[in-house]
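This is data-v9.pdb. It holds PDB, C-alpha atoms.
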```
MODEL        1
ATOM      1  CA  MET Y   1      31.181  22.994 -41.888  1.00  0.00           C
ATOM      2  CA  ARG Y   2      34.325  23.634 -39.867  1.00  0.00           C
ATOM      3  CA  GLU Y   3      34.200  23.914 -36.107  1.00  0.00           C
ATOM      4  CA  ILE Y   4      35.674  27.244 -35.050  1.00  0.00           C
ATOM      5  CA  ASN Y   5      37.073  27.480 -31.530  1.00  0.00           C
ATOM      6  CA  TRP Y   6      36.346  31.091 -30.552  1.00  0.00           C
ATOM      7  CA  GLU Y   7      38.357  32.909 -27.869  1.00  0.00           C
ATOM      8  CA  GLU Y   8      36.627  35.148 -25.356  1.00  0.00           C
ATOM      9  CA  PRO Y   9      35.804  38.566 -26.877  1.00  0.00           C
ATOM     10  CA  TYR Y  10      38.391  41.334 -26.858  1.00  0.00           C
ATOM     11  CA  CYS Y  11      36.505  44.497 -26.009  1.00  0.00           C
ATOM     12  CA  GLY Y  12      37.415  48.146 -26.161  1.00  0.00           C
ATOM     13  CA  GLU Y  13      35.291  50.954 -24.811  1.00  0.00           C
ATOM     14  CA  GLY Y  14      31.580  50.656 -25.476  1.00  0.00           C
ATOM     15  CA  ASN Y  15      30.468  47.798 -27.703  1.00  0.00           C
ATOM     16  CA  ASN Y  16      33.661  47.332 -29.715  1.00  0.00           C
ATOM     17  CA  CYS Y  17      34.167  43.602 -29.176  1.00  0.00           C
ATOM     18  CA  PHE Y  18      35.997  41.275 -31.524  1.00  0.00           C
ATOM     19  CA  ARG Y  19      36.563  37.541 -31.357  1.00  0.00           C
ATOM     20  CA  ILE Y  20      39.454  35.519 -32.699  1.00  0.00           C
ATOM     21  CA  GLY Y  21      39.027  31.851 -33.467  1.00  0.00           C
ATOM     22  CA  THR Y  22      40.952  28.951 -34.954  1.00  0.00           C
ATOM     23  CA  ASP Y  23      40.149  25.582 -36.451  1.00  0.00           C
ATOM     24  CA  GLU Y  24      41.978  22.276 -36.795  1.00  0.00           C
ATOM     25  CA  ASP Y  25      43.035  23.093 -40.392  1.00  0.00           C
ATOM     26  CA  ASP Y  26      45.351  25.915 -39.217  1.00  0.00           C
ATOM     27  CA  ASN Y  27      42.953  28.698 -40.203  1.00  0.00           C
ATOM     28  CA  ALA Y  28      42.289  31.829 -38.156  1.00  0.00           C
ATOM     29  CA  TYR Y  29      39.046  33.823 -37.943  1.00  0.00           C
ATOM     30  CA  ILE Y  30      38.152  37.335 -36.786  1.00  0.00           C
ATOM     31  CA  ALA Y  31      34.566  38.451 -36.182  1.00  0.00           C
ATOM     32  CA  VAL Y  32      32.565  41.046 -34.324  1.00  0.00           C
ATOM     33  CA  ALA Y  33      31.232  39.484 -31.126  1.00  0.00           C
ATOM     34  CA  GLY Y  34      27.659  38.425 -31.742  1.00  0.00           C
ATOM     35  CA  ALA Y  35      28.159  38.210 -35.511  1.00  0.00           C
ATOM     36  CA  GLU Y  36      30.504  35.229 -35.670  1.00  0.00           C
ATOM     37  CA  HIS Y  37      28.707  33.983 -38.784  1.00  0.00           C
ATOM     38  CA  ALA Y  38      30.203  36.939 -40.744  1.00  0.00           C
ATOM     39  CA  TYR Y  39      33.898  36.305 -40.129  1.00  0.00           C
ATOM     40  CA  VAL Y  40      37.087  37.133 -41.995  1.00  0.00           C
ATOM     41  CA  THR Y  41      39.424  34.173 -42.383  1.00  0.00           C
ATOM     42  CA  ASP Y  42      43.051  33.553 -43.326  1.00  0.00           C
ATOM     43  CA  THR Y  43      45.890  31.361 -42.104  1.00  0.00           C
ATOM     44  CA  ARG Y  44      47.171  31.424 -38.538  1.00  0.00           C
ATOM     45  CA  GLU Y  45      50.467  32.723 -39.921  1.00  0.00           C
ATOM     46  CA  ALA Y  46      48.625  35.674 -41.486  1.00  0.00           C
ATOM     47  CA  LEU Y  47      46.974  36.359 -38.112  1.00  0.00           C
ATOM     48  CA  ARG Y  48      50.369  36.201 -36.370  1.00  0.00           C
ATOM     49  CA  THR Y  49      51.777  38.679 -38.876  1.00  0.00           C
ATOM     50  CA  LEU Y  50      48.802  41.013 -38.410  1.00  0.00           C
ATOM     51  CA  ILE Y  51      49.161  40.970 -34.613  1.00  0.00           C
ATOM     52  CA  ARG Y  52      52.933  41.525 -34.783  1.00  0.00           C
ATOM     53  CA  ASP Y  53      52.513  44.429 -37.198  1.00  0.00           C
ATOM     54  CA  ILE Y  54      49.855  46.034 -35.009  1.00  0.00           C
ATOM     55  CA  LYS Y  55      52.081  45.647 -31.932  1.00  0.00           C
ATOM     56  CA  ALA Y  56      54.959  47.202 -33.897  1.00  0.00           C
ATOM     57  CA  GLY Y  57      52.860  50.308 -34.542  1.00  0.00           C
ATOM     58  CA  LYS Y  58      52.167  49.766 -38.227  1.00  0.00           C
ATOM     59  CA  ALA Y  59      48.454  50.498 -37.701  1.00  0.00           C
ATOM     60  CA  ASP Y  60      48.878  53.493 -35.395  1.00  0.00           C
ATOM     61  CA  HIS Y  61      47.723  55.840 -38.156  1.00  0.00           C
ATOM     62  CA  LEU Y  62      44.243  54.305 -37.711  1.00  0.00           C
ATOM     63  CA  LEU Y  63      44.009  55.457 -34.086  1.00  0.00           C
TER      64      LEU Y  63
ENDMDL
END
```
Turn the structure described in the file into structure tokens.
Amino acid sequence: MREINWEEPYCGEGNNCFRIGTDEDDNAYIAVAGAEHAYVTDTREALRTLIRDIKAGKADHLL
């Protein structure tokens, strides 16, 4: 089993907390804080692209 290095949770209002993690094989993970066993995983490059797109407003329609 891979060791995931989780960052501190990113929390919005209420209990909306997410964690981002990485491993030594260049994979990235996103999970709800407290449920890290049920993560979504992809490459770090995919995570970078997701973050850049969100910052560029491409997910604003979800707000």
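CA of Asn15 (chain Y) sits 16.8 Å away from CA of Leu63 (chain Y).
The two atoms in question, CA of Asp26 (chain Y) and CA of Ala46 (chain Y), are spaced 10.5 Å apart.
Going from CA of Glu3 (chain Y) over to CA of Leu47 (chain Y), you cover 17.9 Å.
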### Message
Which residues, named as in the file, does the PyMOL selection byres ((chain Y and resi 20-24) around 12) pick out? Answer as an MDAnalysis selection string.
### Response
chainID Y and resid 1:11 17:19 25:33 35:37 39:45 47:48 51
